[in-house]
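Dumped coords.pdb below, it's PDB, C-alpha atoms:
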```pdb
ATOM      1  CA  MET A1305     125.470  75.260  69.971
ATOM      2  CA  LYS A1306     123.880  74.396  73.265
ATOM      3  CA  SER A1307     120.528  76.123  73.793
ATOM      4  CA  LYS A1308     120.313  78.664  76.601
ATOM      5  CA  PHE A1309     116.892  77.205  77.477
ATOM      6  CA  PRO A1310     115.467  75.859  79.685
ATOM      7  CA  ARG A1311     116.417  78.424  82.285
ATOM      8  CA  HIS A1312     115.122  78.963  85.768
ATOM      9  CA  GLN A1313     114.408  82.017  87.881
ATOM     10  CA  THR A1314     113.689  81.666  91.586
ATOM     11  CA  PHE A1315     111.789  84.243  93.644
ATOM     12  CA  THR A1316     111.761  84.118  97.446
ATOM     13  CA  SER A1317     110.116  86.373 100.030
ATOM     14  CA  PRO A1318     107.504  86.215 102.789
ATOM     15  CA  SER A1319     103.986  85.298 101.701
ATOM     16  CA  LEU A1320     100.664  86.097 103.324
ATOM     17  CA  SER A1321     101.080  83.447 105.995
ATOM     18  CA  LEU A1322     104.696  82.265 105.727
ATOM     19  CA  GLU A1323     107.968  83.957 106.652
ATOM     20  CA  ARG A1324     109.528  82.328 103.588
ATOM     21  CA  ALA A1325     107.852  81.273 100.350
ATOM     22  CA  SER A1326     109.542  80.398  97.085
ATOM     23  CA  VAL A1327     108.574  79.900  93.456
ATOM     24  CA  GLN A1328     110.828  78.714  90.646
ATOM     25  CA  ILE A1329     109.878  79.491  87.047
ATOM     26  CA  GLU A1330     111.244  77.582  84.083
ATOM     27  CA  VAL A1331     111.083  79.286  80.679
ATOM     28  CA  LEU A1332     110.965  76.816  77.794
ATOM     29  CA  GLU A1333     111.915  77.404  74.179
ATOM     30  CA  LYS A1334     109.283  78.549  71.738
ATOM     31  CA  ASN A1335     107.560  75.697  69.970
ATOM     32  CA  VAL A1336     105.078  76.717  67.297
ATOM     33  CA  GLN A1337     103.834  73.123  67.081
ATOM     34  CA  LYS A1338     102.776  73.076  70.709
ATOM     35  CA  GLU A1339     100.011  74.961  72.490
ATOM     36  CA  PRO A1340     101.594  77.618  74.752
ATOM     37  CA  ALA A1341     100.884  76.950  78.401
ATOM     38  CA  VAL A1342     101.575  77.794  82.003
ATOM     39  CA  ASN A1343     102.012  74.589  83.980
ATOM     40  CA  TRP A1344     101.669  74.938  87.749
ATOM     41  CA  TYR A1345     103.276  72.503  90.200
ATOM     42  CA  VAL A1346     102.906  72.623  93.997
ATOM     43  CA  ASN A1347     105.495  70.864  96.152
ATOM     44  CA  ASN A1348     106.712  69.005  93.034
ATOM     45  CA  ARG A1349     103.236  67.700  92.205
ATOM     46  CA  PHE A1350     101.312  68.757  89.095
ATOM     47  CA  PHE A1351      98.456  71.121  89.939
ATOM     48  CA  TYR A1352      97.014  72.804  86.819
ATOM     49  CA  SER A1353      97.844  73.616  83.190
ATOM     50  CA  THR A1354      96.342  76.481  81.207
ATOM     51  CA  SER A1355      96.389  74.233  78.121
ATOM     52  CA  HIS A1356      93.616  72.244  79.844
ATOM     53  CA  SER A1357      91.299  75.136  80.667
ATOM     54  CA  TYR A1358      88.301  72.818  80.533
ATOM     55  CA  SER A1359      89.566  71.377  83.848
ATOM     56  CA  PHE A1360      89.585  74.762  85.591
ATOM     57  CA  SER A1361      86.034  74.339  86.891
ATOM     58  CA  SER A1362      87.134  71.179  88.722
ATOM     59  CA  LEU A1363      89.271  73.285  91.054
ATOM     60  CA  ALA A1364      87.522  74.286  94.271
ATOM     61  CA  TYR A1365      87.787  78.036  94.901
ATOM     62  CA  SER A1366      87.819  80.114  98.071
ATOM     63  CA  ALA A1367      88.966  83.620  98.957
ATOM     64  CA  LYS A1368      89.670  85.621 102.081
ATOM     65  CA  ARG A1369      92.402  88.114 101.261
ATOM     66  CA  THR A1370      93.647  86.144  98.274
ATOM     67  CA  SER A1371      92.600  83.542  95.734
ATOM     68  CA  THR A1372      92.999  79.932  96.818
ATOM     69  CA  TYR A1373      92.482  76.936  94.540
ATOM     70  CA  THR A1374      92.149  73.390  95.813
ATOM     71  CA  GLY A1375      92.338  70.118  93.918
ATOM     72  CA  GLU A1376      94.473  67.173  94.948
ATOM     73  CA  ASN A1377      96.746  69.889  96.308
ATOM     74  CA  ALA A1378      96.301  73.621  97.074
ATOM     75  CA  LEU A1379      97.626  76.857  95.596
ATOM     76  CA  SER A1380      97.229  80.347  97.070
ATOM     77  CA  THR A1381      97.996  83.903  95.884
ATOM     78  CA  PRO A1382      98.679  83.280  92.168
ATOM     79  CA  GLU A1383      97.092  86.596  91.175
ATOM     80  CA  HIS A1384     100.329  88.655  91.288
ATOM     81  CA  LEU A1385     102.321  86.173  89.210
ATOM     82  CA  ALA A1386      99.739  84.983  86.661
ATOM     83  CA  PRO A1387      99.484  88.358  84.798
ATOM     84  CA  VAL A1388     103.200  88.289  83.951
ATOM     85  CA  PHE A1389     102.725  85.324  81.599
ATOM     86  CA  LEU A1390     100.397  87.459  79.463
ATOM     87  CA  MET A1391     103.542  89.199  78.185
ATOM     88  CA  TRP A1392     104.779  86.079  76.368
ATOM     89  CA  PRO A1393     101.784  84.122  74.998
ATOM     90  CA  SER A1394     104.025  82.035  72.696
ATOM     91  CA  ARG A1395     106.158  80.735  75.567
ATOM     92  CA  THR A1396     105.592  77.747  77.808
ATOM     93  CA  PHE A1397     106.321  78.245  81.506
ATOM     94  CA  ASN A1398     106.672  75.659  84.252
ATOM     95  CA  VAL A1399     105.942  77.134  87.682
ATOM     96  CA  TYR A1400     107.142  75.247  90.764
ATOM     97  CA  VAL A1401     105.557  76.582  93.953
ATOM     98  CA  GLU A1402     106.989  75.714  97.352
ATOM     99  CA  ASN A1403     104.648  75.435 100.356
ATOM    100  CA  ALA A1404     101.538  76.226  98.259
ATOM    101  CA  GLU A1405     101.873  80.038  98.443
ATOM    102  CA  ILE A1406     103.377  82.493  95.960
ATOM    103  CA  PRO A1407     105.877  84.918  97.572
ATOM    104  CA  LEU A1408     104.584  88.477  97.854
ATOM    105  CA  MET A1409     107.869  90.166  96.855
ATOM    106  CA  ASP A1410     107.094  93.923  97.051
ATOM    107  CA  GLY A1411     103.368  93.294  96.694
ATOM    108  CA  SER A1412     103.259  93.902  92.947
ATOM    109  CA  ALA A1413     103.893  91.914  89.740
ATOM    110  CA  LEU A1414     106.890  94.050  88.778
ATOM    111  CA  PRO A1415     109.684  91.930  90.378
ATOM    112  CA  PHE A1416     108.363  88.820  88.626
ATOM    113  CA  PHE A1417     108.287  90.588  85.245
ATOM    114  CA  LEU A1418     111.779  92.080  85.619
ATOM    115  CA  GLY A1419     113.174  88.723  86.711
ATOM    116  CA  LEU A1420     111.744  86.907  83.665
ATOM    117  CA  ARG A1421     112.359  89.638  81.107
ATOM    118  CA  ASN A1422     115.961  88.628  80.316
ATOM    119  CA  MET A1423     115.021  84.967  79.914
ATOM    120  CA  ALA A1424     111.732  85.223  78.038
ATOM    121  CA  GLY A1425     112.797  88.033  75.713
ATOM    122  CA  VAL A1426     110.971  91.085  74.429
ATOM    123  CA  PRO A1427     107.273  91.139  75.406
ATOM    124  CA  GLU A1428     105.005  90.001  72.608
ATOM    125  CA  GLU A1429     101.611  91.149  71.420
ATOM    126  CA  LEU A1430      98.927  90.318  73.953
ATOM    127  CA  GLU A1431      96.419  87.618  73.136
ATOM    128  CA  PHE A1432      92.670  88.248  73.409
ATOM    129  CA  TYR A1433      89.508  86.216  72.997
ATOM    130  CA  LYS A1434      85.927  87.289  72.421
ATOM    131  CA  ALA A1435      83.571  86.951  75.377
ATOM    132  CA  PRO A1436      80.124  88.369  74.453
ATOM    133  CA  VAL A1437      79.000  88.623  78.058
ATOM    134  CA  LYS A1438      76.653  91.336  79.291
ATOM    135  CA  ASP A1439      75.654  91.198  82.944
ATOM    136  CA  SER A1440      75.441  93.201  86.161
ATOM    137  CA  TRP A1441      74.862  92.585  89.854
ATOM    138  CA  ASN A1442      75.138  94.275  93.227
ATOM    139  CA  ILE A1443      77.724  93.505  95.896
ATOM    140  CA  CYS A1444      76.391  93.363  99.463
ATOM    141  CA  ASP A1445      78.144  93.383 102.814
ATOM    142  CA  GLY A1446      77.684  90.795 105.557
ATOM    143  CA  ASN A1447      74.434  92.477 106.598
ATOM    144  CA  GLY A1448      72.947  92.328 103.109
ATOM    145  CA  VAL A1449      73.422  96.064 102.489
ATOM    146  CA  LYS A1450      74.563  97.095  99.020
ATOM    147  CA  CYS A1451      78.180  98.269  99.117
ATOM    148  CA  GLY A1452      79.251  97.886  95.493
ATOM    149  CA  PHE A1453      78.375  96.605  92.030
ATOM    150  CA  VAL A1454      79.720  94.907  88.905
ATOM    151  CA  GLU A1455      78.839  95.589  85.256
ATOM    152  CA  ILE A1456      80.224  93.672  82.242
ATOM    153  CA  PHE A1457      79.964  94.549  78.533
ATOM    154  CA  PRO A1458      81.627  93.271  75.337
ATOM    155  CA  SER A1459      84.540  95.438  74.177
ATOM    156  CA  GLU A1460      87.257  95.603  71.512
ATOM    157  CA  CYS A1461      89.998  95.149  74.137
ATOM    158  CA  PHE A1462      90.167  94.562  77.892
ATOM    159  CA  GLU A1463      88.844  97.601  79.758
ATOM    160  CA  VAL A1464      88.350  98.209  83.465
ATOM    161  CA  GLU A1465      86.963 100.966  85.639
ATOM    162  CA  TYR A1466      87.741 100.049  89.247
ATOM    163  CA  SER A1467      86.847 102.079  92.327
ATOM    164  CA  VAL A1468      87.279 101.341  96.024
ATOM    165  CA  GLU A1469      85.804 103.295  98.900
ATOM    166  CA  ARG A1470      85.692 103.010 102.674
ATOM    167  CA  ARG A1471      83.210 104.920 104.824
ATOM    168  CA  ASP A1472      83.052 105.405 108.585
ATOM    169  CA  GLN A1473      80.037 104.671 110.762
ATOM    170  CA  SER A1474      78.544 108.072 109.989
ATOM    171  CA  GLY A1475      78.663 107.375 106.262
ATOM    172  CA  ALA A1476      81.494 109.823 105.539
ATOM    173  CA  THR A1477      84.083 108.691 103.001
ATOM    174  CA  ILE A1478      87.490 108.226 104.639
ATOM    175  CA  PHE A1479      89.293 106.427 101.815
ATOM    176  CA  GLU A1480      88.736 106.152  98.075
ATOM    177  CA  SER A1481      90.675 105.335  94.931
ATOM    178  CA  TYR A1482      89.696 105.123  91.260
ATOM    179  CA  ARG A1483      91.519 103.908  88.155
ATOM    180  CA  SER A1484      90.431 103.210  84.597
ATOM    181  CA  ALA A1485      92.544 101.226  82.157
ATOM    182  CA  GLU A1486      92.385 100.098  78.549
ATOM    183  CA  ILE A1487      94.694  97.154  77.929
ATOM    184  CA  TYR A1488      95.710  96.900  74.278
ATOM    185  CA  SER A1489      99.449  96.325  74.505
ATOM    186  CA  PRO A1490     102.291  95.128  76.736
ATOM    187  CA  GLU A1491     102.999  98.773  77.581
ATOM    188  CA  ASN A1492      99.474  99.183  78.973
ATOM    189  CA  LEU A1493      99.910  96.059  81.052
ATOM    190  CA  TYR A1494     103.354  97.050  82.332
ATOM    191  CA  ASN A1495     101.862 100.214  83.848
ATOM    192  CA  ILE A1496      99.616  98.017  86.020
ATOM    193  CA  PHE A1497     102.420  95.689  87.145
ATOM    194  CA  LYS A1498     103.999  98.239  89.477
ATOM    195  CA  ALA A1499     100.931  98.675  91.712
ATOM    196  CA  ARG A1500     101.445  97.169  95.182
ATOM    197  CA  THR A1501      98.919  95.409  97.353
ATOM    198  CA  PHE A1502      97.506  97.492 100.187
ATOM    199  CA  ILE A1503      95.558  97.137 103.404
ATOM    200  CA  LEU A1504      94.011  99.568 105.862
ATOM    201  CA  GLN A1505      95.653  99.539 109.281
ATOM    202  CA  GLU A1506      92.502  98.527 111.134
ATOM    203  CA  ASP A1507      91.968  95.619 108.724
ATOM    204  CA  PHE A1508      95.608  94.597 109.118
ATOM    205  CA  GLU A1509      95.362  94.558 112.910
ATOM    206  CA  ARG A1510      92.095  92.618 112.769
ATOM    207  CA  ALA A1511      93.596  90.072 110.362
ATOM    208  CA  ARG A1512      96.638  89.577 112.607
ATOM    209  CA  GLU A1513      94.389  88.997 115.610
ATOM    210  CA  SER A1514      92.559  86.317 113.601
ATOM    211  CA  GLY A1515      95.809  84.575 112.623
ATOM    212  CA  PHE A1516      96.038  85.895 109.048
ATOM    213  CA  LEU A1517      98.844  87.825 107.313
ATOM    214  CA  THR A1518     101.407  86.379 109.720
ATOM    215  CA  GLY A1519     104.209  86.462 107.150
ATOM    216  CA  VAL A1520     103.646  90.000 105.884
ATOM    217  CA  THR A1521     105.874  93.000 106.561
ATOM    218  CA  GLU A1522     105.646  96.588 105.291
ATOM    219  CA  LYS A1523     108.147  95.655 102.559
ATOM    220  CA  ASN A1524     105.505  93.402 100.968
ATOM    221  CA  GLY A1525     102.957  96.107 100.181
ATOM    222  CA  LEU A1526     101.380  99.301 101.453
ATOM    223  CA  LEU A1527      99.924  99.813 104.928
ATOM    224  CA  LEU A1528      97.354 102.618 104.895
ATOM    225  CA  GLN A1529      97.489 104.209 108.326
ATOM    226  CA  LYS A1530      94.672 106.237 109.833
ATOM    227  CA  ASN A1531      95.289 109.870 110.732
ATOM    228  CA  LYS A1532      93.530 110.312 114.076
ATOM    229  CA  GLU A1533      92.885 114.010 113.456
ATOM    230  CA  THR A1534      91.471 113.815 109.925
ATOM    231  CA  GLN A1535      90.231 110.180 110.155
ATOM    232  CA  THR A1536      91.657 109.566 106.680
ATOM    233  CA  PHE A1537      94.238 107.020 105.551
ATOM    234  CA  THR A1538      97.768 107.731 104.361
ATOM    235  CA  PRO A1539     100.253 105.165 102.951
ATOM    236  CA  SER A1540     103.277 103.837 104.809
ATOM    237  CA  ALA A1541     105.357 104.618 101.685
ATOM    238  CA  PRO A1542     104.817 107.047  98.782
ATOM    239  CA  PHE A1543     102.374 105.878  96.130
ATOM    240  CA  ARG A1544     103.924 104.886  92.813
ATOM    241  CA  SER A1545     100.914 106.507  91.179
ATOM    242  CA  LEU A1546      98.050 108.592  92.547
ATOM    243  CA  SER A1547      95.612 105.741  92.000
ATOM    244  CA  GLU A1548      97.871 102.867  93.117
ATOM    245  CA  PRO A1549      95.285 101.143  95.382
ATOM    246  CA  ALA A1550      92.669 100.914  92.609
ATOM    247  CA  GLU A1551      95.441 100.095  90.158
ATOM    248  CA  HIS A1552      96.379  97.097  92.275
ATOM    249  CA  LYS A1553      92.749  95.975  92.333
ATOM    250  CA  ILE A1554      92.948  95.895  88.527
ATOM    251  CA  LEU A1555      96.109  93.786  88.793
ATOM    252  CA  ASP A1556      94.267  91.388  91.113
ATOM    253  CA  LEU A1557      91.375  91.223  88.661
ATOM    254  CA  ILE A1558      93.661  90.505  85.701
ATOM    255  CA  GLY A1559      95.509  87.872  87.717
ATOM    256  CA  ASP A1560      92.285  86.128  88.688
ATOM    257  CA  LEU A1561      90.983  86.116  85.107
ATOM    258  CA  CYS A1562      94.176  85.026  83.345
ATOM    259  CA  PHE A1563      95.056  82.235  85.775
ATOM    260  CA  VAL A1564      92.808  80.080  83.576
ATOM    261  CA  VAL A1565      94.719  80.887  80.386
ATOM    262  CA  PRO A1566      97.326  83.581  79.493
ATOM    263  CA  ALA A1567      94.959  85.715  77.413
ATOM    264  CA  LEU A1568      92.517  88.519  78.130
ATOM    265  CA  PRO A1569      88.778  88.622  77.384
ATOM    266  CA  GLN A1570      87.475  91.408  75.155
ATOM    267  CA  ILE A1571      85.175  92.867  77.771
ATOM    268  CA  LYS A1572      84.711  96.049  79.761
ATOM    269  CA  ILE A1573      84.272  95.696  83.511
ATOM    270  CA  VAL A1574      82.997  98.456  85.789
ATOM    271  CA  ILE A1575      83.430  97.402  89.407
ATOM    272  CA  HIS A1576      83.012  99.220  92.709
ATOM    273  CA  ASN A1577      84.283  97.736  95.990
ATOM    274  CA  GLY A1578      84.982  94.388  94.401
ATOM    275  CA  GLY A1579      87.313  91.623  95.502
ATOM    276  CA  HIS A1580      88.525  88.149  94.619
ATOM    277  CA  LEU A1581      85.100  86.553  95.028
ATOM    278  CA  GLU A1582      83.607  88.968  92.499
ATOM    279  CA  HIS A1583      86.559  88.432  90.160
ATOM    280  CA  HIS A1584      85.948  84.700  90.283
ATOM    281  CA  LYS A1585      82.254  85.222  89.568
ATOM    282  CA  ILE A1586      83.238  87.197  86.462
ATOM    283  CA  MET A1587      85.588  84.374  85.494
ATOM    284  CA  GLU A1588      82.785  81.845  85.764
ATOM    285  CA  LYS A1589      80.680  83.907  83.349
ATOM    286  CA  ILE A1590      83.391  84.099  80.671
ATOM    287  CA  LEU A1591      84.792  80.594  81.196
ATOM    288  CA  PRO A1592      82.657  78.993  78.414
ATOM    289  CA  TYR A1593      84.292  81.324  75.898
ATOM    290  CA  VAL A1594      87.792  80.575  77.200
ATOM    291  CA  SER A1595      87.171  76.854  76.747
ATOM    292  CA  ARG A1596      85.723  77.344  73.268
ATOM    293  CA  ARG A1597      88.778  79.372  72.223
ATOM    294  CA  ASN A1598      91.192  76.629  73.287
ATOM    295  CA  ASN A1599      89.135  73.860  71.716
ATOM    296  CA  GLU A1600      89.172  75.664  68.378
ATOM    297  CA  LYS A1601      92.982  75.884  68.477
ATOM    298  CA  LYS A1602      93.554  72.204  69.114
TER     299      LYS A1602
END
```
For the structure just supplied, provide its representation as structure tokens.
Amino acid sequence: MKSKFPRHQTFTSPSLSLERASVQIEVLEKNVQKEPAVNWYVNNRFFYSTSHSYSFSSLAYSAKRTSTYTGENALSTPEHLAPVFLMWPSRTFNVYVENAEIPLMDGSALPFFLGLRNMAGVPEELEFYKAPVKDSWNICDGNGVKCGFVEIFPSECFEVEYSVERRDQSGATIFESYRSAEIYSPENLYNIFKARTFILQEDFERARESGFLTGVTEKNGLLLQKNKETQTFTPSAPFRSLSEPAEHKILDLIGDLCFVVPALPQIKIVIHNGGHLEHHKIMEKILPYVSRRNNEKK
């Protein structure tokens, strides 16, 4: 009987800077003799494989409103797609990215998961690795004023407490969101997948004026619009959960951490007003343990 694998799924939508971006994902058969991996290709050229996590540090990293990796080629916005591969740690995936940007879809990881679910099968037990990291630091704004913080502790699973807050010039809070999560199982992770990316209207207008977010429409996330009377922000569409903005920050964090390898560190992270740069700093601190885990398996 002819195998139903390999099979492909293609996702197409605007991206942060393109009116059309596309990614094709190939799901390979299970092979217990081979190290599971996510292999990334950009414009038909090999970019990175999670089975070679020791090479991750050779990728140059930058972030504005998304994560961007640069080697011989470039790859932007993988953080919404990368978490989906956590659901099938025994599978190998080939990811073919067109034009170096992942499509935004609805701004969450959910369309990617639903599209792959029928091909990859029932989600499997998540894979974890020990990362005995304990650290903390402050986050400062462009003027050197403290605006947030990060704390990391060892844990039995992957835990996050994420809060975001925006204040006006008088110091009054005009927007805030908080979400805590303990990720033990695929069900825990699925609850995070639905959270859409968001942006405050004033930030969106400023980004457009600077030439960013040129491919984005309201269908690709949530626009938080300011109420002129109350000076607070309300979403352009109903929230999928009360804490959806902070929930999406957790999705971004997971995506940034698991781009290296489709497994989660056993740590607890408490983070206030973080972003991709802070996520990458966390990744750098746990990277030695990711590499050690893979070397032991080989």
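For the pair atom CA of A:Phe1360 and atom CA of A:Asn1348, the separation is 19.5 Å.
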For this session: Figure out the distance between atom CA of A:Lys1368 and atom CA of A:Trp1441, please, to one decimal in Å.
Result: 20.4 Å
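Of the listed residues A:Thr1381, A:Thr1501, A:Ser1545, A:Gln1473, the one whose atoms come nearest to A:Leu1527 is A:Thr1501, with distances taken using all atoms listed in the file.
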For this session: Excluding A:Pro1592 and any residue of its chain fewer than 2 positions from it, enumerate the residues within 12 Å of it, using all atoms listed in the file, and give them as JSON, numbers by chain.
Result: {"A": [1357, 1358, 1359, 1360, 1361, 1433, 1434, 1435, 1436, 1437, 1564, 1569, 1586, 1587, 1588, 1589, 1590, 1594, 1595, 1596, 1597, 1598, 1599]}
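Shell of A:Val1342 at 10 Å, with only C-alpha atoms counted and residues fewer than 6 places along the chain excluded, is Ile1329, Glu1330, Val1331, Tyr1352, Ser1353, Thr1354, Ser1355, His1356, Ala1386, Phe1389, Pro1393, Arg1395, Thr1396, Phe1397, Asn1398, Val1399, Phe1563, Val1564, Val1565 and Pro1566 of chain A.
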Quick one: write out the picked residues with C-alpha atoms as a compact mmCIF listing (two decimals), keeping the file's coordinate frame?
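The resulting file, result_38.txt, is shown below:
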```txt
# COMPACT_ATOMS: atom_id res chain seq x y z
CA ILE A 1329 109.88 79.49 87.05
CA GLU A 1330 111.24 77.58 84.08
CA VAL A 1331 111.08 79.29 80.68
CA TYR A 1352 97.01 72.80 86.82
CA SER A 1353 97.84 73.62 83.19
CA THR A 1354 96.34 76.48 81.21
CA SER A 1355 96.39 74.23 78.12
CA HIS A 1356 93.62 72.24 79.84
CA ALA A 1386 99.74 84.98 86.66
CA PHE A 1389 102.72 85.32 81.60
CA PRO A 1393 101.78 84.12 75.00
CA ARG A 1395 106.16 80.74 75.57
CA THR A 1396 105.59 77.75 77.81
CA PHE A 1397 106.32 78.24 81.51
CA ASN A 1398 106.67 75.66 84.25
CA VAL A 1399 105.94 77.13 87.68
CA PHE A 1563 95.06 82.24 85.78
CA VAL A 1564 92.81 80.08 83.58
CA VAL A 1565 94.72 80.89 80.39
CA PRO A 1566 97.33 83.58 79.49
```
Problem set entry | Expansion of the PyMOL selection byres ((chain A and resi 1408) around 10) into residues, as a PyMOL selection string | chain A and resi 1315-1320+1324-1326+1381-1382+1384-1385+1405-1407+1409-1413+1415-1416+1500-1501+1519-1521+1523-1525
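Of the residues listed (A:Pro1427, A:Asn1347, A:Pro1340, A:Val1449), A:Pro1427 shows the shortest atom-to-atom separation from A:Glu1491; distances use all atoms listed in the file.
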Problem set entry | Residue nearest A:Trp1344 among A:Val1388, A:Leu1414, A:Leu1561, A:Ala1404 (counting only C-alpha atoms) | A:Ala1404
Exercise. How would you write, as a list in words, the residues chosen by the PyMOL selection byres ((chain A and resi 1490) around 8) on this structure?
Worked result: Met1391, Pro1427, Glu1428, Glu1429, Leu1430, Ile1487, Tyr1488, Ser1489, Glu1491, Asn1492, Leu1493 and Tyr1494 of chain A
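The environment of stretch 1478-1483 of chain A within 8 Å, counting all atoms listed in the file and disregarding residues fewer than 3 places along the same chain, consists of Glu1465, Tyr1466, Ser1467, Val1468, Glu1469, Arg1470, Arg1471, Asp1472, Gln1535, Thr1536, Phe1537, Ser1547, Glu1548, Pro1549, Ala1550 and Glu1551 of chain A.
Residue neighbourhood of stretch 1452-1462 of chain A, excluding near-sequence residues (fewer than 5 positions): Ala1435, Pro1436, Val1437, Lys1438, Asp1439, Ser1440, Trp1441, Asn1442, Ile1443, Cys1444, Glu1486, Ile1487, Tyr1488, Leu1568, Pro1569, Gln1570, Ile1571, Lys1572, Ile1573, Val1574, Ile1575, His1576, Asn1577 and Gly1578 of chain A, at 7 Å, using all atoms listed in the file.
Across the model, the gap from atom CA of A:His1312 to atom CA of A:Met1423 is 8.4 Å.
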Once the PyMOL selection byres ((chain A and resi 1346) around 8) has been evaluated on this model, what residues remain selected, and can you format them as a PDB file with C-alpha atoms, keeping the file's coordinate frame?
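So result03.pdb came out as:
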```
ATOM      1  CA  TRP A1344     101.669  74.938  87.749  1.00  0.00           C
ATOM      2  CA  TYR A1345     103.276  72.503  90.200  1.00  0.00           C
ATOM      3  CA  ASN A1347     105.495  70.864  96.152  1.00  0.00           C
ATOM      4  CA  ASN A1348     106.712  69.005  93.034  1.00  0.00           C
ATOM      5  CA  ARG A1349     103.236  67.700  92.205  1.00  0.00           C
ATOM      6  CA  PHE A1350     101.312  68.757  89.095  1.00  0.00           C
ATOM      7  CA  PHE A1351      98.456  71.121  89.939  1.00  0.00           C
ATOM      8  CA  ASN A1377      96.746  69.889  96.308  1.00  0.00           C
ATOM      9  CA  ALA A1378      96.301  73.621  97.074  1.00  0.00           C
ATOM     10  CA  LEU A1379      97.626  76.857  95.596  1.00  0.00           C
ATOM     11  CA  TYR A1400     107.142  75.247  90.764  1.00  0.00           C
ATOM     12  CA  VAL A1401     105.557  76.582  93.953  1.00  0.00           C
ATOM     13  CA  GLU A1402     106.989  75.714  97.352  1.00  0.00           C
ATOM     14  CA  ASN A1403     104.648  75.435 100.356  1.00  0.00           C
ATOM     15  CA  ALA A1404     101.538  76.226  98.259  1.00  0.00           C
TER      16      ALA A1404
END
```
